[in-house]
>>> print(open('input27.txt').read())   # compact mmCIF, C-alpha atoms
# COMPACT_ATOMS: atom_id res chain seq x y z
CA MET B 22 73.83 114.24 117.27
CA PRO B 23 76.20 115.28 114.45
CA ARG B 24 79.45 113.37 114.34
CA MET B 25 82.98 114.71 113.84
CA LEU B 26 83.41 112.49 110.79
CA ASP B 27 85.73 112.87 107.82
CA VAL B 28 84.18 111.30 104.69
CA SER B 29 86.55 111.48 101.72
CA GLN B 30 85.26 112.00 98.19
CA ASP B 31 86.31 108.43 97.33
CA VAL B 32 84.30 107.00 100.24
CA ARG B 33 81.32 109.21 99.37
CA ALA B 34 81.45 108.01 95.76
CA GLU B 35 81.32 104.39 96.92
CA ILE B 36 78.56 104.67 99.54
CA GLY B 37 76.50 107.43 97.91
CA ASP B 38 75.61 110.95 99.04
CA GLU B 39 72.52 109.84 100.96
CA GLU B 40 74.40 107.35 103.12
CA ALA B 41 77.28 109.79 103.62
CA ASP B 42 74.89 112.51 104.81
CA ARG B 43 73.22 110.08 107.22
CA LEU B 44 76.62 109.29 108.70
CA LEU B 45 77.47 112.94 109.15
CA VAL B 46 74.27 113.72 111.06
CA GLY B 47 74.80 110.69 113.29
CA GLU B 48 72.02 108.39 112.04
CA ASN B 49 74.22 105.46 111.04
CA ALA B 50 77.54 106.33 112.72
CA PRO B 51 78.44 104.95 116.14
CA GLY B 52 79.37 107.34 118.91
CA SER B 53 82.09 105.12 120.33
CA TYR B 54 84.13 102.68 118.23
CA ASP B 55 87.36 100.70 118.20
CA CYS B 56 89.83 102.36 115.83
CA THR B 57 90.40 100.08 112.84
CA SER B 58 94.06 101.10 112.83
CA CYS B 59 95.34 101.22 116.42
CA ARG B 60 92.49 99.15 117.93
CA THR B 61 91.97 101.56 120.83
CA PRO B 62 88.61 103.24 121.65
CA GLY B 63 87.46 106.36 119.86
CA ASP B 64 84.45 108.67 120.10
CA SER B 65 83.10 110.35 116.98
CA GLU B 66 81.20 112.86 119.13
CA GLN B 67 84.39 114.08 120.79
CA GLU B 68 87.24 113.67 118.27
CA ARG B 69 87.74 113.78 114.52
CA THR B 70 87.07 110.36 113.07
CA SER B 71 87.85 108.94 109.64
CA THR B 72 85.49 106.70 107.70
CA VAL B 73 87.48 103.88 106.08
CA LEU B 74 85.76 101.68 103.51
CA PHE B 75 87.32 98.26 102.96
CA VAL B 76 86.20 96.91 99.58
CA GLY B 77 86.59 93.31 98.38
CA GLU B 78 85.33 91.56 95.26
CA GLU B 79 81.84 91.09 96.69
CA THR B 80 81.88 92.62 100.16
CA ALA B 81 82.36 96.14 101.51
CA VAL B 82 82.85 97.03 105.18
CA LEU B 83 82.71 100.56 106.59
CA ALA B 84 85.02 101.05 109.54
CA PHE B 85 86.04 103.99 111.69
CA ALA B 86 89.43 105.23 112.81
CA HIS B 87 90.99 108.14 114.65
CA ALA B 88 91.69 110.84 112.07
CA THR B 89 95.18 111.10 113.57
CA CYS B 90 95.79 107.42 112.76
CA ILE B 91 94.60 107.16 109.16
CA PRO B 92 92.77 109.45 106.72
CA SER B 93 89.34 108.66 105.31
CA GLN B 94 89.89 106.46 102.26
CA VAL B 95 88.82 103.43 100.27
CA VAL B 96 91.08 100.40 100.77
CA GLN B 97 90.94 97.56 98.24
CA VAL B 98 91.45 94.21 99.98
CA ALA B 99 91.19 90.57 99.01
CA GLU B 100 87.72 89.10 99.51
CA ASP B 101 88.90 86.33 101.84
CA GLN B 102 90.83 88.89 103.88
CA LEU B 103 87.74 91.05 104.18
CA GLN B 104 85.58 88.10 105.16
CA GLY B 105 88.13 87.35 107.87
CA ALA B 106 87.84 90.91 109.14
CA VAL B 107 84.07 90.58 109.26
CA ARG B 108 84.44 87.46 111.39
CA SER B 109 86.91 89.50 113.48
CA ILE B 110 90.61 88.93 113.66
CA THR B 111 91.47 85.68 115.41
CA GLY B 112 94.99 86.71 116.33
CA GLU B 113 96.53 83.86 114.32
CA GLU B 114 99.81 85.01 112.85
CA PRO B 115 100.06 84.49 109.08
CA PRO B 116 103.13 83.00 107.35
CA HIS B 117 106.15 85.32 107.35
CA PRO B 118 107.45 86.83 105.18
CA GLY B 119 104.30 87.55 103.23
CA ALA B 120 103.89 87.29 99.51
CA SER B 121 101.46 88.88 97.16
CA ARG B 122 101.15 89.92 93.55
CA GLN B 123 102.77 93.06 92.23
CA ALA B 124 100.00 95.33 90.96
CA GLY B 125 100.48 95.85 87.25
CA GLY B 126 103.62 93.68 87.15
CA PRO B 127 104.41 91.40 84.21
CA GLU B 128 102.81 87.99 84.63
CA GLN B 129 101.72 89.14 88.12
CA ALA B 130 105.16 88.44 89.58
CA VAL B 131 105.13 87.50 93.25
CA LEU B 132 106.80 89.86 95.70
CA GLY B 133 107.91 88.75 99.14
CA ILE B 134 108.04 91.24 102.02
CA THR B 135 109.86 90.88 105.33
CA SER B 136 109.52 93.39 108.18
CA GLY B 137 112.30 94.11 110.62
CA LEU B 138 114.15 96.76 112.61
CA VAL B 139 117.40 98.10 111.12
CA LEU B 140 119.98 99.86 113.32
CA ILE B 141 121.32 103.03 111.66
CA ASP B 142 123.32 105.72 113.45
CA GLY B 143 122.47 104.19 116.81
CA GLU B 144 118.71 104.27 116.22
CA LEU B 145 116.32 101.44 115.31
CA HIS B 146 114.29 102.14 112.16
CA PRO B 147 111.23 100.17 110.99
CA ALA B 148 111.99 98.60 107.63
CA LEU B 149 110.37 96.48 104.94
CA VAL B 150 112.52 94.39 102.61
CA VAL B 151 111.00 93.55 99.23
CA GLU B 152 112.33 90.72 97.08
CA PRO B 153 110.53 89.03 94.15
CA THR B 154 110.52 85.27 93.75
CA ALA B 155 111.57 85.46 90.09
CA PRO B 156 113.17 87.96 87.70
CA ILE B 157 110.94 90.90 86.80
CA ALA B 158 110.66 91.78 83.12
CA ARG B 159 109.76 95.22 81.88
CA PRO B 160 106.04 95.43 80.98
CA GLY B 161 105.49 94.84 77.29
CA THR B 162 108.61 92.76 76.77
CA THR B 163 108.57 89.11 75.78
CA GLY B 164 111.02 86.28 76.17
CA ASN B 165 114.01 86.20 78.50
CA GLY B 166 114.91 89.86 78.71
CA GLY B 167 116.77 89.68 82.03
CA ASP B 168 115.76 91.24 85.33
CA ASP B 169 114.50 94.84 85.24
CA PHE B 170 113.29 94.98 88.85
CA LEU B 171 115.84 97.54 90.05
CA PRO B 172 115.70 99.77 86.93
CA LEU B 173 111.90 99.87 87.18
CA LEU B 174 112.09 100.89 90.85
CA ILE B 175 114.74 103.52 90.16
CA GLU B 176 112.39 105.01 87.56
CA GLN B 177 109.77 105.22 90.35
CA GLY B 178 112.16 107.17 92.58
CA PHE B 179 113.99 104.49 94.57
CA VAL B 180 117.70 105.25 95.02
CA PRO B 181 120.58 102.77 94.76
CA ILE B 182 122.57 102.49 97.99
CA SER B 183 126.05 101.06 98.51
CA GLU B 184 125.84 100.63 102.28
CA VAL B 185 123.16 100.46 104.98
CA SER B 186 124.98 102.63 107.52
CA HIS B 187 123.07 105.76 106.52
CA ARG B 188 119.31 106.30 106.56
CA PRO B 189 117.81 106.67 103.06
CA THR B 190 116.53 110.23 102.71
CA THR B 191 114.54 109.90 99.48
CA GLN B 192 110.79 109.94 100.21
CA LEU B 193 108.53 108.77 97.42
CA HIS B 194 105.68 111.20 96.78
CA GLY B 195 102.29 109.52 96.94
CA TRP B 196 103.60 106.19 98.26
CA SER B 197 102.78 104.93 101.76
CA VAL B 198 102.83 101.86 104.00
CA LEU B 199 99.32 100.95 105.12
CA VAL B 200 98.91 99.52 108.60
CA ALA B 201 95.25 98.94 109.44
CA MET B 202 93.50 96.76 112.00
CA GLY B 203 96.85 96.69 113.75
CA GLN B 204 98.57 94.75 110.95
CA LEU B 205 100.50 95.38 107.72
CA HIS B 206 98.11 95.43 104.78
CA ALA B 207 99.78 97.02 101.78
CA VAL B 208 102.36 99.26 100.20
CA LEU B 209 100.44 101.88 98.24
CA GLN B 210 101.57 103.81 95.18
CA PRO B 211 99.96 106.79 93.43
CA GLY B 212 96.99 106.02 91.22
CA THR B 213 97.11 106.90 87.54
CA GLY B 214 96.01 110.39 86.62
CA GLY B 215 96.05 111.55 90.23
CA GLY B 216 93.43 109.00 91.30
CA SER B 217 93.21 107.08 94.56
CA PRO B 218 96.32 105.18 95.67
CA VAL B 219 96.55 101.58 94.49
CA ALA B 220 98.33 98.62 96.02
CA TRP B 221 101.84 98.02 94.67
CA TRP B 222 102.06 95.14 97.14
CA GLN B 223 99.12 93.75 99.09
CA ALA B 224 99.13 90.94 101.64
CA HIS B 225 97.00 87.88 100.97
CA GLN B 226 96.52 87.96 104.74
CA PRO B 227 97.40 90.94 106.96
CA LEU B 228 100.94 90.49 108.25
CA GLN B 229 101.65 90.69 111.95
CA VAL B 230 104.48 93.07 112.87
CA THR B 231 106.26 93.13 116.20
CA ASP B 232 105.39 95.61 118.92
CA GLY B 233 108.89 97.05 118.55
CA TRP B 234 108.39 97.62 114.82
CA ARG B 235 105.05 99.36 115.40
CA ALA B 236 106.50 101.50 118.20
CA ALA B 237 109.40 102.62 116.01
CA ALA B 238 107.06 103.33 113.09
CA ASN B 239 104.70 105.32 115.29
CA LYS B 240 107.64 107.36 116.58
CA SER B 241 109.07 108.28 113.18
CA HIS B 242 105.85 108.08 111.11
CA THR B 243 108.02 106.69 108.31
CA VAL B 244 109.12 103.27 107.12
CA LEU B 245 112.36 102.43 105.29
CA VAL B 246 111.66 100.29 102.23
CA PHE B 247 114.54 98.30 100.75
CA ALA B 248 114.24 96.28 97.54
CA ALA B 249 116.57 93.79 95.88
CA PRO B 250 116.36 91.35 92.93
CA VAL B 251 115.50 87.70 93.38
CA GLY B 252 118.18 85.74 95.25
CA SER B 253 119.78 88.78 96.88
CA ILE B 254 118.38 88.63 100.41
CA GLY B 255 116.55 85.37 101.07
CA GLN B 256 114.39 84.53 104.09
CA GLN B 257 116.49 85.47 107.09
CA PRO B 258 115.23 84.18 110.48
CA ARG B 259 116.83 86.97 112.56
CA GLU B 260 117.15 90.73 112.17
CA ASP B 261 120.96 90.63 112.47
CA LEU B 262 121.11 88.14 109.60
CA LEU B 263 118.69 90.30 107.61
CA ARG B 264 121.00 93.30 108.16
CA ASP B 265 124.01 91.27 106.99
CA ALA B 266 122.13 90.23 103.84
CA LEU B 267 121.19 93.86 103.14
CA GLU B 268 124.83 94.91 103.52
CA ARG B 269 125.97 92.21 101.08
CA ALA B 270 123.33 93.19 98.52
CA ALA B 271 124.26 96.88 98.84
CA ALA B 272 127.97 96.12 98.38
CA ARG B 273 127.15 94.22 95.16
CA GLY B 274 125.05 97.12 93.81
CA ARG B 275 121.84 95.10 94.15
CA LEU B 276 119.90 97.23 96.67
CA VAL B 277 117.67 100.29 96.33
CA ALA B 278 115.80 102.12 99.07
CA ALA B 279 113.35 104.89 99.86
CA THR B 280 111.36 106.15 102.82
CA MET B 281 107.57 106.12 102.88
CA PRO B 282 105.10 107.67 105.31
CA LEU B 283 103.19 105.39 107.63
CA ALA B 284 99.44 105.29 107.09
CA GLY B 285 97.84 104.03 110.28
CA THR B 286 99.58 102.95 113.47
>>> encode(input="input27.txt", output="structure tokens")
Amino acid sequence: MPRMLDVSQDVRAEIGDEEADRLLVGENAPGSYDCTSCRTPGDSEQERTSTVLFVGEETAVLAFAHATCIPSQVVQVAEDQLQGAVRSITGEEPPHPGASRQAGGPEQAVLGITSGLVLIDGELHPALVVEPTAPIARPGTTGNGGDDFLPLLIEQGFVPISEVSHRPTTQLHGWSVLVAMGQLHAVLQPGTGGGSPVAWWQAHQPLQVTDGWRAAANKSHTVLVFAAPVGSIGQQPREDLLRDALERAAARGRLVAATMPLAGT
């Protein structure tokens, strides 16, 4: 029986027209499935379903998701992460905050990300706080040229903020926060030349977020993303301490922010 499948051009290019057509007519697609994003049951015979292709260095895994949770797309993931998904998620929580390499960054600088809820105007907002572990130099420069992390982000559309009492209203076009398999996988930025999104930050292991964070993100469909230079925030064990650190960084002119749509649930 034909399936109500969405197969994006990027997924079709990876798996080939023949395989894509077999999926659409129901030969290789399951009727029922567990959504790779929200982990609840779905039925490709009854509701629109996205094909999501996770691609590692040597392995590729085709998964299915509610079209309302995540669009059909190709997601680049680390090979060990993908192998872990194949073995199924064990539920073990990875180290927090997570760290990964900045795509395209000089000397592959390491970015740390912490998730938390930030209270603004009486409402809890899901937030990610990004802080590198070392100064970020502008690509192409050599030697000790200082820290260009904030100027580089401002050029991408992030906005400097002087206080955290107001919700950032700037939404970055083409950027998104990817939550798949029920965990935080990546922050995506537009690909060059209008191509597929690429990972600006990607977790070595998917990061567990709290139920409260996921509920707030699902309600607003957006995530607040704050960023500060190395040494501005630090690893704060509680959300109130994280908020205090954000306020101090903002007061010193060392904080930028933007909102990004949530991809997944």
>>> closest_residue(input="input27.txt", among="B:Met281, B:Val150, B:Leu145, B:Gly212", to="Lys240 in chain B", atoms="all atoms listed in the file")
B:Leu145
>>> closest_residue(input="input27.txt", among="B:Val139, B:Val46, B:Val131, B:Val32", to="Arg259 in chain B", atoms="only C-alpha atoms")
B:Val139
>>> atom_distance(input="input27.txt", atom1="CA of Ala41 in chain B", atom2="CA of Ala207 in chain B")
25.9 Å
>>> residues_around(input="input27.txt", residues="Gly63 in chain B", least_positions_apart="3", cutoff="7 Å", atoms="all atoms listed in the file", output="short mmCIF file (atom, residue, chain, number, x, y, z; two decimals) with C-alpha atoms, in the frame of the given file")
data_model
loop_
_atom_site.label_atom_id
_atom_site.label_comp_id
_atom_site.auth_asym_id
_atom_site.auth_seq_id
_atom_site.Cartn_x
_atom_site.Cartn_y
_atom_site.Cartn_z
CA SER B 53 82.09 105.12 120.33
CA TYR B 54 84.13 102.68 118.23
CA ASP B 55 87.36 100.70 118.20
CA CYS B 56 89.83 102.36 115.83
CA HIS B 87 90.99 108.14 114.65
#
>>> closest_residue(input="input27.txt", among="B:Asp169, B:Asp27, B:Glu152, B:Asp38", to="Thr89 in chain B", atoms="all atoms listed in the file")
B:Asp27
>>> residues_around(input="input27.txt", residues="Gly195 in chain B", least_positions_apart="5", cutoff="8 Å", atoms="all atoms listed in the file", output="ChimeraX atom specification")
/B:209-211,218
>>> write_last_selection(input="input27.txt", atoms="C-alpha atoms", output="PDB file, in the frame of the given file")
ATOM      1  CA  LEU B 209     100.440 101.880  98.240  1.00  0.00           C
ATOM      2  CA  GLN B 210     101.570 103.810  95.180  1.00  0.00           C
ATOM      3  CA  PRO B 211      99.960 106.790  93.430  1.00  0.00           C
ATOM      4  CA  PRO B 218      96.320 105.180  95.670  1.00  0.00           C
TER       5      PRO B 218
END
>>> atom_distance(input="input27.txt", atom1="CA of Ala237 in chain B", atom2="CA of Glu144 in chain B")
9.5 Å
>>> atom_distance(input="input27.txt", atom1="CA of Ala34 in chain B", atom2="CA of Val96 in chain B")
13.3 Å
>>> residues_around(input="input27.txt", residues="Gly137 in chain B", least_positions_apart="5", cutoff="12 Å", atoms="all atoms listed in the file", output="count of residues only")
32
>>> residues_around(input="input27.txt", residues="Ala272 in chain B", least_positions_apart="3", cutoff="7 Å", atoms="only C-alpha atoms", output="list in words")
Ser183, Glu184, Glu268 and Arg269 of chain B
>>> residues_around(input="input27.txt", residues="Ala284 in chain B", least_positions_apart="4", cutoff="9 Å", atoms="all atoms listed in the file", output="list in words")
Ser58, Cys90, Ile91, Pro92, Ser197, Val198, Leu199, Val200, Ala201, His242 and Thr243 of chain B
>>> closest_residue(input="input27.txt", among="B:Gln67, B:Gln177, B:Ser136, B:Gln97", to="Ala81 in chain B", atoms="only C-alpha atoms")
B:Gln97
>>> closest_atom_pairs(input="input27.txt", of="range 133-200 of chain B", to="range 275-278 of chain B", cutoff="12 Å", atoms="all atoms listed in the file", output="JSON lines")
{"residue": "B:Ala148", "atom": "CA", "partner": "B:Ala278", "partner_atom": "CA", "distance": 10.0}
{"residue": "B:Leu149", "atom": "CA", "partner": "B:Ala278", "partner_atom": "CA", "distance": 9.8}
{"residue": "B:Val150", "atom": "CA", "partner": "B:Ala278", "partner_atom": "CA", "distance": 9.1}
{"residue": "B:Val151", "atom": "CA", "partner": "B:Ala278", "partner_atom": "CA", "distance": 9.8}
{"residue": "B:Glu152", "atom": "CA", "partner": "B:Leu276", "partner_atom": "CA", "distance": 10.0}
{"residue": "B:Asp168", "atom": "CA", "partner": "B:Arg275", "partner_atom": "CA", "distance": 11.4}
{"residue": "B:Asp169", "atom": "CA", "partner": "B:Arg275", "partner_atom": "CA", "distance": 11.5}
{"residue": "B:Phe170", "atom": "CA", "partner": "B:Arg275", "partner_atom": "CA", "distance": 10.1}
{"residue": "B:Leu171", "atom": "CA", "partner": "B:Val277", "partner_atom": "CA", "distance": 7.1}
{"residue": "B:Pro172", "atom": "CA", "partner": "B:Val277", "partner_atom": "CA", "distance": 9.6}
{"residue": "B:Leu173", "atom": "CA", "partner": "B:Val277", "partner_atom": "CA", "distance": 10.8}
{"residue": "B:Leu174", "atom": "CA", "partner": "B:Val277", "partner_atom": "CA", "distance": 7.8}
{"residue": "B:Ile175", "atom": "CA", "partner": "B:Val277", "partner_atom": "CA", "distance": 7.6}
{"residue": "B:Glu176", "atom": "CA", "partner": "B:Val277", "partner_atom": "CA", "distance": 11.3}
{"residue": "B:Gln177", "atom": "CA", "partner": "B:Ala278", "partner_atom": "CA", "distance": 11.0}
{"residue": "B:Gly178", "atom": "CA", "partner": "B:Ala278", "partner_atom": "CA", "distance": 9.0}
{"residue": "B:Phe179", "atom": "CA", "partner": "B:Ala278", "partner_atom": "CA", "distance": 5.4}
{"residue": "B:Val180", "atom": "CA", "partner": "B:Val277", "partner_atom": "CA", "distance": 5.1}
{"residue": "B:Pro181", "atom": "CA", "partner": "B:Val277", "partner_atom": "CA", "distance": 4.1}
{"residue": "B:Ile182", "atom": "CA", "partner": "B:Val277", "partner_atom": "CA", "distance": 5.6}
{"residue": "B:Ser183", "atom": "CA", "partner": "B:Leu276", "partner_atom": "CA", "distance": 7.5}
{"residue": "B:Glu184", "atom": "CA", "partner": "B:Leu276", "partner_atom": "CA", "distance": 8.8}
{"residue": "B:Val185", "atom": "CA", "partner": "B:Leu276", "partner_atom": "CA", "distance": 9.5}
{"residue": "B:His187", "atom": "CA", "partner": "B:Ala278", "partner_atom": "CA", "distance": 11.0}
{"residue": "B:Arg188", "atom": "CA", "partner": "B:Ala278", "partner_atom": "CA", "distance": 9.3}
{"residue": "B:Pro189", "atom": "CA", "partner": "B:Ala278", "partner_atom": "CA", "distance": 6.4}
{"residue": "B:Thr190", "atom": "CA", "partner": "B:Ala278", "partner_atom": "CA", "distance": 8.9}
{"residue": "B:Thr191", "atom": "CA", "partner": "B:Ala278", "partner_atom": "CA", "distance": 7.9}
{"residue": "B:Gln192", "atom": "CA", "partner": "B:Ala278", "partner_atom": "CA", "distance": 9.4}
{"residue": "B:Leu193", "atom": "CA", "partner": "B:Ala278", "partner_atom": "CA", "distance": 10.0}
